[in-house]
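Asks: Pasting work_8.cif below, which is mmCIF, C-alpha atoms.
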data_my_file
loop_
_atom_site.label_atom_id
_atom_site.label_comp_id
_atom_site.auth_asym_id
_atom_site.auth_seq_id
_atom_site.Cartn_x
_atom_site.Cartn_y
_atom_site.Cartn_z
CA CYS A 1 -35.76 -66.48 18.92
CA VAL A 2 -34.58 -70.01 19.62
CA ILE A 3 -37.51 -72.13 20.81
CA ARG A 4 -37.27 -75.60 22.35
CA GLN A 5 -40.51 -77.53 22.65
CA PRO A 6 -41.26 -80.15 25.34
CA ASP A 7 -40.52 -82.98 22.91
CA GLY A 8 -37.01 -81.60 22.35
CA THR A 9 -37.69 -80.13 18.91
CA VAL A 10 -35.83 -76.85 18.42
CA THR A 11 -36.64 -74.17 15.88
CA THR A 12 -35.42 -70.63 15.27
CA ILE A 13 -37.32 -67.50 14.25
CA ASP A 14 -35.36 -64.73 12.57
CA GLY A 15 -36.93 -61.29 12.75
CA ALA A 16 -33.89 -59.26 11.75
CA GLY A 17 -34.63 -56.24 9.61
CA ALA A 18 -32.60 -54.57 6.89
CA ALA A 19 -31.56 -51.17 5.67
CA PRO A 20 -34.26 -49.25 3.79
CA ALA A 21 -34.54 -49.99 0.08
CA LEU A 22 -33.48 -46.40 -0.68
CA ALA A 23 -30.25 -46.66 1.33
CA THR A 24 -26.99 -46.36 -0.61
CA PRO A 25 -23.39 -46.24 0.66
CA GLU A 26 -22.94 -42.81 -0.93
CA MET A 27 -25.51 -41.12 1.33
CA TYR A 28 -23.29 -41.62 4.38
CA GLU A 29 -20.27 -39.35 4.08
CA LEU A 30 -17.04 -40.92 5.31
CA ARG A 31 -14.78 -38.96 7.63
CA PRO A 32 -11.08 -38.59 6.77
CA ALA A 33 -9.02 -41.75 6.49
CA GLY A 34 -8.05 -43.17 9.84
CA ALA A 35 -11.16 -42.01 11.68
CA ALA A 36 -12.70 -45.01 13.42
CA GLY A 37 -16.37 -45.39 14.25
CA MET A 38 -18.32 -48.12 16.02
CA TYR A 39 -16.38 -51.41 16.20
CA GLY A 40 -13.43 -49.70 14.56
CA TRP A 41 -15.16 -49.50 11.18
CA PRO A 42 -14.64 -46.39 9.02
CA ALA A 43 -16.43 -43.47 10.65
CA THR A 44 -19.16 -41.47 8.93
CA LYS A 45 -19.97 -37.82 9.40
CA GLY A 46 -22.31 -37.51 12.36
CA ASP A 47 -22.25 -41.32 12.76
CA ALA A 48 -25.29 -41.11 10.47
CA GLN A 49 -25.63 -44.83 9.74
CA ASN A 50 -26.01 -45.55 13.47
CA VAL A 51 -27.57 -42.42 14.96
CA GLY A 52 -30.39 -40.18 13.78
CA ILE A 53 -33.26 -40.37 11.37
CA ARG A 54 -31.33 -41.86 8.43
CA SER A 55 -30.33 -44.83 10.59
CA VAL A 56 -33.96 -45.96 10.92
CA GLY A 57 -34.49 -49.14 8.90
CA GLN A 58 -36.81 -52.08 8.55
CA MET A 59 -38.04 -53.27 11.96
CA GLY A 60 -38.77 -56.94 12.57
CA ALA A 61 -39.04 -57.56 16.32
CA VAL A 62 -42.84 -57.19 16.33
CA GLY A 63 -43.17 -59.81 13.60
CA CYS A 64 -40.71 -62.17 15.27
CA LEU A 65 -42.37 -62.08 18.68
CA CYS A 66 -45.93 -62.26 17.36
CA HIS A 67 -45.02 -65.21 15.12
CA ALA A 68 -43.43 -67.04 18.05
CA LEU A 69 -46.48 -66.46 20.22
CA GLU A 70 -49.06 -67.38 17.58
CA ARG A 71 -47.29 -70.56 16.48
CA TYR A 72 -45.82 -71.85 19.73
CA GLY A 73 -47.43 -69.91 22.57
CA THR A 74 -50.29 -70.94 24.83
CA MET A 75 -51.73 -67.49 25.59
CA ASP A 76 -53.38 -64.76 23.50
CA ARG A 77 -51.73 -61.45 22.62
CA GLN A 78 -53.94 -59.36 24.88
CA THR A 79 -53.03 -61.44 27.93
CA VAL A 80 -49.34 -61.54 27.12
CA MET A 81 -49.10 -57.79 26.46
CA ARG A 82 -51.38 -56.59 29.25
CA ASP A 83 -48.68 -55.91 31.84
CA ALA A 84 -46.36 -54.23 29.34
CA ILE A 85 -49.18 -51.93 28.26
CA ALA A 86 -49.93 -51.03 31.87
CA LEU A 87 -46.25 -50.40 32.60
CA ALA A 88 -45.95 -48.04 29.64
CA ALA A 89 -49.20 -46.22 30.40
CA ASP A 90 -48.82 -45.88 34.17
CA GLY A 91 -45.06 -45.54 34.26
CA TRP A 92 -42.45 -46.79 36.68
CA ASP A 93 -40.02 -45.18 39.08
CA VAL A 94 -36.77 -44.22 37.42
CA ASP A 95 -33.70 -45.99 38.83
CA TRP A 96 -30.07 -44.96 38.76
CA SER A 97 -29.29 -47.20 35.80
CA LEU A 98 -31.83 -45.41 33.61
CA SER A 99 -30.69 -41.97 34.81
CA LEU A 100 -27.12 -42.86 33.89
CA SER A 101 -28.14 -44.17 30.46
CA LEU A 102 -30.15 -41.04 29.67
CA ALA A 103 -27.19 -38.86 30.63
CA LEU A 104 -24.74 -40.95 28.60
CA TYR A 105 -26.91 -40.74 25.47
CA TYR A 106 -28.09 -37.17 25.97
CA ASP A 107 -26.67 -36.05 22.62
CA ARG A 108 -28.72 -38.71 20.80
CA LEU A 109 -32.01 -38.17 22.60
CA ALA A 110 -32.11 -34.44 23.31
CA PRO A 111 -32.31 -33.23 19.67
CA VAL A 112 -35.58 -35.15 19.15
CA GLU A 113 -38.65 -33.36 20.52
CA ALA A 114 -40.58 -36.56 21.22
CA SER A 115 -37.63 -38.06 23.10
CA ARG A 116 -37.20 -34.93 25.19
CA ALA A 117 -40.85 -35.06 26.19
CA ILE A 118 -40.53 -38.67 27.38
CA PHE A 119 -37.04 -38.97 28.84
CA PHE A 120 -36.22 -35.49 30.14
CA ARG A 121 -37.54 -33.07 32.73
CA PRO A 122 -39.04 -29.69 31.72
CA SER A 123 -35.66 -28.14 32.57
CA GLY A 124 -33.97 -30.32 29.95
CA ALA A 125 -32.20 -32.51 32.49
CA PRO A 126 -32.61 -36.31 32.27
CA LEU A 127 -35.23 -37.99 34.44
CA ARG A 128 -33.65 -38.80 37.77
CA ALA A 129 -33.89 -41.46 40.43
CA ALA A 130 -34.87 -40.80 44.04
CA THR A 131 -31.99 -39.42 46.06
CA GLY A 132 -33.24 -40.12 49.57
CA LEU A 133 -33.82 -36.39 50.00
CA GLU A 134 -36.13 -35.93 47.02
CA ALA A 135 -38.56 -38.18 45.21
CA GLY A 136 -37.52 -39.45 41.81
CA ASP A 137 -39.30 -39.16 38.48
CA ARG A 138 -41.54 -41.68 36.72
CA LEU A 139 -41.01 -42.81 33.15
CA VAL A 140 -44.40 -42.71 31.43
CA GLN A 141 -44.72 -43.74 27.76
CA ARG A 142 -48.36 -43.21 26.75
CA ASP A 143 -47.70 -43.33 23.00
CA LEU A 144 -45.90 -46.66 23.43
CA ALA A 145 -48.89 -47.94 25.38
CA GLU A 146 -51.21 -46.97 22.52
CA SER A 147 -48.94 -48.72 20.00
CA LEU A 148 -48.88 -51.88 22.11
CA ARG A 149 -52.67 -51.77 22.47
CA ALA A 150 -53.00 -51.60 18.68
CA ILE A 151 -50.70 -54.61 18.21
CA ALA A 152 -52.46 -56.56 20.96
CA ALA A 153 -55.82 -55.95 19.26
CA ALA A 154 -54.92 -56.36 15.59
CA GLY A 155 -51.63 -58.25 15.53
CA PRO A 156 -48.48 -57.47 13.56
CA GLU A 157 -50.45 -56.44 10.46
CA VAL A 158 -51.28 -53.08 12.04
CA PHE A 159 -47.54 -52.45 12.31
CA PHE A 160 -46.36 -53.71 8.94
CA ARG A 161 -49.35 -52.89 6.75
CA GLY A 162 -51.68 -50.78 8.89
CA GLU A 163 -52.13 -47.40 10.50
CA LEU A 164 -49.35 -47.74 13.06
CA GLY A 165 -46.73 -48.48 10.42
CA ARG A 166 -47.98 -45.70 8.14
CA ARG A 167 -47.68 -43.15 10.93
CA ILE A 168 -44.13 -44.28 11.72
CA VAL A 169 -43.10 -44.03 8.06
CA ALA A 170 -44.72 -40.61 7.68
CA ASP A 171 -42.88 -39.25 10.72
CA VAL A 172 -39.53 -40.69 9.61
CA GLN A 173 -39.89 -39.19 6.14
CA ALA A 174 -41.09 -35.83 7.48
CA ASN A 175 -37.82 -35.58 9.41
CA GLY A 176 -35.54 -36.52 6.52
CA GLY A 177 -35.38 -40.30 6.87
CA ILE A 178 -35.59 -42.81 4.04
CA LEU A 179 -37.74 -45.57 5.56
CA GLY A 180 -40.62 -46.34 3.18
CA GLN A 181 -43.92 -48.15 3.46
CA HIS A 182 -42.48 -50.74 1.08
CA ASP A 183 -39.79 -51.57 3.67
CA LEU A 184 -42.42 -52.53 6.25
CA GLU A 185 -44.79 -54.26 3.86
CA THR A 186 -42.08 -56.51 2.41
CA PHE A 187 -40.78 -57.70 5.79
CA SER A 188 -41.20 -61.40 6.45
CA VAL A 189 -40.31 -63.61 9.39
CA ARG A 190 -37.95 -66.47 8.61
CA GLU A 191 -38.24 -69.74 10.50
CA ALA A 192 -35.59 -72.44 10.18
CA PRO A 193 -34.16 -75.42 12.07
CA SER A 194 -31.49 -74.50 14.58
CA CYS A 195 -27.81 -75.02 14.00
CA GLU A 196 -26.60 -77.46 16.66
CA VAL A 197 -22.98 -77.50 17.82
CA ASP A 198 -21.28 -79.37 20.65
CA TYR A 199 -19.35 -77.71 23.47
CA ARG A 200 -17.80 -80.06 26.05
CA GLY A 201 -20.66 -82.53 25.66
CA LEU A 202 -23.41 -79.92 25.75
CA ALA A 203 -25.64 -79.25 22.74
CA LEU A 204 -25.81 -75.57 21.82
CA HIS A 205 -28.66 -74.55 19.53
CA THR A 206 -28.24 -71.26 17.69
CA LEU A 207 -29.63 -69.30 14.79
CA PRO A 208 -28.19 -70.40 11.45
CA GLY A 209 -26.66 -67.89 9.05
CA ALA A 210 -25.06 -64.54 9.79
CA SER A 211 -25.85 -63.57 13.35
CA GLY A 212 -24.24 -63.14 16.74
CA ALA A 213 -24.40 -66.93 17.08
CA ILE A 214 -21.30 -67.33 14.94
CA THR A 215 -19.34 -65.08 17.29
CA VAL A 216 -20.45 -67.09 20.33
CA VAL A 217 -19.60 -70.40 18.66
CA GLU A 218 -16.12 -69.23 17.69
CA MET A 219 -15.48 -68.11 21.28
CA LEU A 220 -16.48 -71.53 22.56
CA ARG A 221 -14.40 -73.30 19.93
CA ILE A 222 -11.35 -71.33 21.08
CA LEU A 223 -12.03 -72.03 24.75
CA ASP A 224 -12.57 -75.72 23.97
CA GLY A 225 -8.82 -75.92 23.44
CA PHE A 226 -8.11 -74.97 27.05
CA ASP A 227 -8.81 -76.86 30.26
CA LEU A 228 -10.92 -74.25 31.99
CA GLY A 229 -11.79 -76.79 34.69
CA ARG A 230 -8.22 -76.48 36.00
CA THR A 231 -8.57 -72.72 36.51
CA GLU A 232 -10.38 -71.02 39.36
CA ALA A 233 -13.70 -69.50 38.34
CA LEU A 234 -13.32 -65.77 37.59
CA SER A 235 -9.61 -65.95 38.28
CA VAL A 236 -7.16 -63.77 36.34
CA THR A 237 -6.25 -66.75 34.15
CA ALA A 238 -9.85 -67.70 33.39
CA LEU A 239 -10.93 -64.12 32.69
CA HIS A 240 -7.89 -63.57 30.47
CA LEU A 241 -8.69 -66.67 28.39
CA MET A 242 -12.32 -65.65 27.97
CA ALA A 243 -11.43 -62.06 27.09
CA GLU A 244 -8.92 -63.16 24.48
CA ALA A 245 -11.38 -65.65 22.98
CA GLN A 246 -13.95 -62.88 22.69
CA ARG A 247 -11.44 -60.44 21.21
CA ARG A 248 -10.40 -62.83 18.46
CA ALA A 249 -13.96 -63.93 17.68
CA PHE A 250 -15.13 -60.34 17.34
CA ALA A 251 -12.12 -59.48 15.19
CA ASP A 252 -13.17 -62.22 12.77
CA ARG A 253 -16.80 -61.10 12.94
CA PHE A 254 -16.02 -57.51 12.02
CA THR A 255 -13.69 -58.58 9.24
CA TYR A 256 -15.51 -61.47 7.54
CA LEU A 257 -19.16 -61.69 8.55
CA ALA A 258 -21.73 -60.54 5.98
CA ASP A 259 -25.34 -61.10 5.03
CA PRO A 260 -25.58 -64.12 2.69
CA ALA A 261 -28.59 -62.51 1.00
CA VAL A 262 -26.35 -59.61 -0.04
CA VAL A 263 -22.94 -61.16 -0.68
CA GLY A 264 -24.45 -64.19 -2.40
CA SER A 265 -21.64 -66.69 -2.18
CA ALA A 266 -21.18 -66.65 1.60
CA ILE A 267 -22.27 -69.83 3.39
CA TYR A 268 -22.05 -70.06 7.16
CA ASP A 269 -21.94 -73.50 8.70
CA LEU A 270 -21.28 -73.15 12.41
CA SER A 271 -20.51 -76.82 12.80
CA LEU A 272 -17.41 -76.33 10.61
CA ILE A 273 -15.82 -73.73 12.89
CA HIS A 274 -12.78 -75.43 14.40
CA ILE A 275 -10.02 -73.54 16.16
#
What does the file become when written as structure tokens?

Replies:
Amino acid sequence: CVIRQPDGTVTTIDGAGAAPALATPEMYELRPAGAAGMYGWPATKGDAQNVGIRSVGQMGAVGCLCHALERYGTMDRQTVMRDAIALAADGWDVDWSLSLSLALYYDRLAPVEASRAIFFRPSGAPLRAATGLEAGDRLVQRDLAESLRAIAAAGPEVFFRGELGRRIVADVQANGGILGQHDLETFSVREAPSCEVDYRGLALHTLPGASGAITVVEMLRILDGFDLGRTEALSVTALHLMAEAQRRAFADRFTYLADPAVVGSAIYDLSLIHI
């Protein structure tokens, strides 16, 4: 989260998680040389580091959001989470976007019994939107509603050190995953001042350190060298410049970006990125 207060003070809250403590590179078998996986990185058998039970790692979003609310919010958890709980419990009409997503990721969701029960029809087909001739399905997530109720009542502790977290860990381990209770209990939210950079006279506040912010800043630094004001919005020229800036920034990200806590010597200062 990047939070700006009324007095102009800006702070950032980092809730990023990490791989489980038991994770090792050797447990993910590489496919033959030349096989490319996500982002063009070396591919693993079954894409195991991205998909499936062994890809489940430390989860920090609950801690990040609860910290932001408790420290900077003006409402209590129960009020803030009320509508989300109701939406999960009562469900909502499936739209075409969700139907398409469920179909696209069928091979990831269908092997998991719990996912099939939530996202698929009894026939095994994905939930579908209304067609005009037939009514559509509703996505109901009662277990999610119960989890949200527990967090609303007891806060993030029930997730990281309480019953909810223990049940998640037990299920992951029962299905061959490596997430441990230690991974949840050792999670901590990190709050830090924002990194401020200038783009054409505008102040951009981002997360410091290794995050997607570096990629965005490099894109803007590249585009700062071109007079976009002389190009028509969404013209071929403008879109080409933006696409190329993104391509080069992501190429650098996938080649050089790493976690400073792991690589040790890496220091990321976004204000020093000059193209």

Asks: Residues at most 6 Å from range 42-54 of chain A, counting all atoms listed in the file, excluding those fewer than 4 positions away in the same chain, as a PyMOL selection string?

Replies: chain A and resi 29-31+35-37+177

Asks: Residues within 12 Å of Thr215 in chain A, please, as a PyMOL selection string. Count only C-alpha atoms; anything in the same chain fewer than 2 positions from it doesn't count.

Replies: chain A and resi 206-213+217-222+245-257+268+270+273

Asks: Interatomic distance between CA of Gly229 in chain A and CA of Leu204 in chain A?

Replies: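 Interatomic distance here is 19.1 Å.
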
Asks: Do you know which residues are at most 6 Å from Gly57 in chain A counting only C-alpha atoms, after dropping those on the same chain fewer than 5 positions away, and could you put them as a ChimeraX atom specification?

Replies: /A:19-20,179

Asks: From the list A:Gly40, A:Gly17, A:Pro126, A:Pro25, which residue is nearest Tyr106 in chain A when using all atoms listed in the file?

Replies: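 Between A:Gly40, A:Gly17, A:Pro126, A:Pro25, the residue approaching Tyr106 in chain A most closely is A:Pro126.
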
Asks: Assuming the chain letters and numbering stay as they are in my file, what does the PyMOL selection byres ((chain A and resi 7-10) around 12) actually select? List them as a JSON list (two decimals) with C-alpha atoms, in the coordinates of the input.

Replies:
[["chain", "number", "residue", "atom", "x", "y", "z"],
["A", 1, "CYS", "CA", -35.76, -66.48, 18.92],
["A", 2, "VAL", "CA", -34.58, -70.01, 19.62],
["A", 3, "ILE", "CA", -37.51, -72.13, 20.81],
["A", 4, "ARG", "CA", -37.27, -75.60, 22.35],
["A", 5, "GLN", "CA", -40.51, -77.53, 22.65],
["A", 6, "PRO", "CA", -41.26, -80.15, 25.34],
["A", 11, "THR", "CA", -36.64, -74.17, 15.88],
["A", 12, "THR", "CA", -35.42, -70.63, 15.27],
["A", 13, "ILE", "CA", -37.32, -67.50, 14.25],
["A", 72, "TYR", "CA", -45.82, -71.85, 19.73],
["A", 191, "GLU", "CA", -38.24, -69.74, 10.50],
["A", 192, "ALA", "CA", -35.59, -72.44, 10.18],
["A", 193, "PRO", "CA", -34.16, -75.42, 12.07],
["A", 194, "SER", "CA", -31.49, -74.50, 14.58],
["A", 195, "CYS", "CA", -27.81, -75.02, 14.00],
["A", 196, "GLU", "CA", -26.60, -77.46, 16.66],
["A", 203, "ALA", "CA", -25.64, -79.25, 22.74],
["A", 204, "LEU", "CA", -25.81, -75.57, 21.82],
["A", 205, "HIS", "CA", -28.66, -74.55, 19.53],
["A", 206, "THR", "CA", -28.24, -71.26, 17.69],
["A", 207, "LEU", "CA", -29.63, -69.30, 14.79]]

Asks: Find the residue from A:Phe120, A:Tyr28, A:Ala88, A:Leu228 that sits nearest to Tyr105 in chain A; use only C-alpha atoms when measuring.

Replies: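 Nearest to Tyr105 in chain A: A:Phe120.
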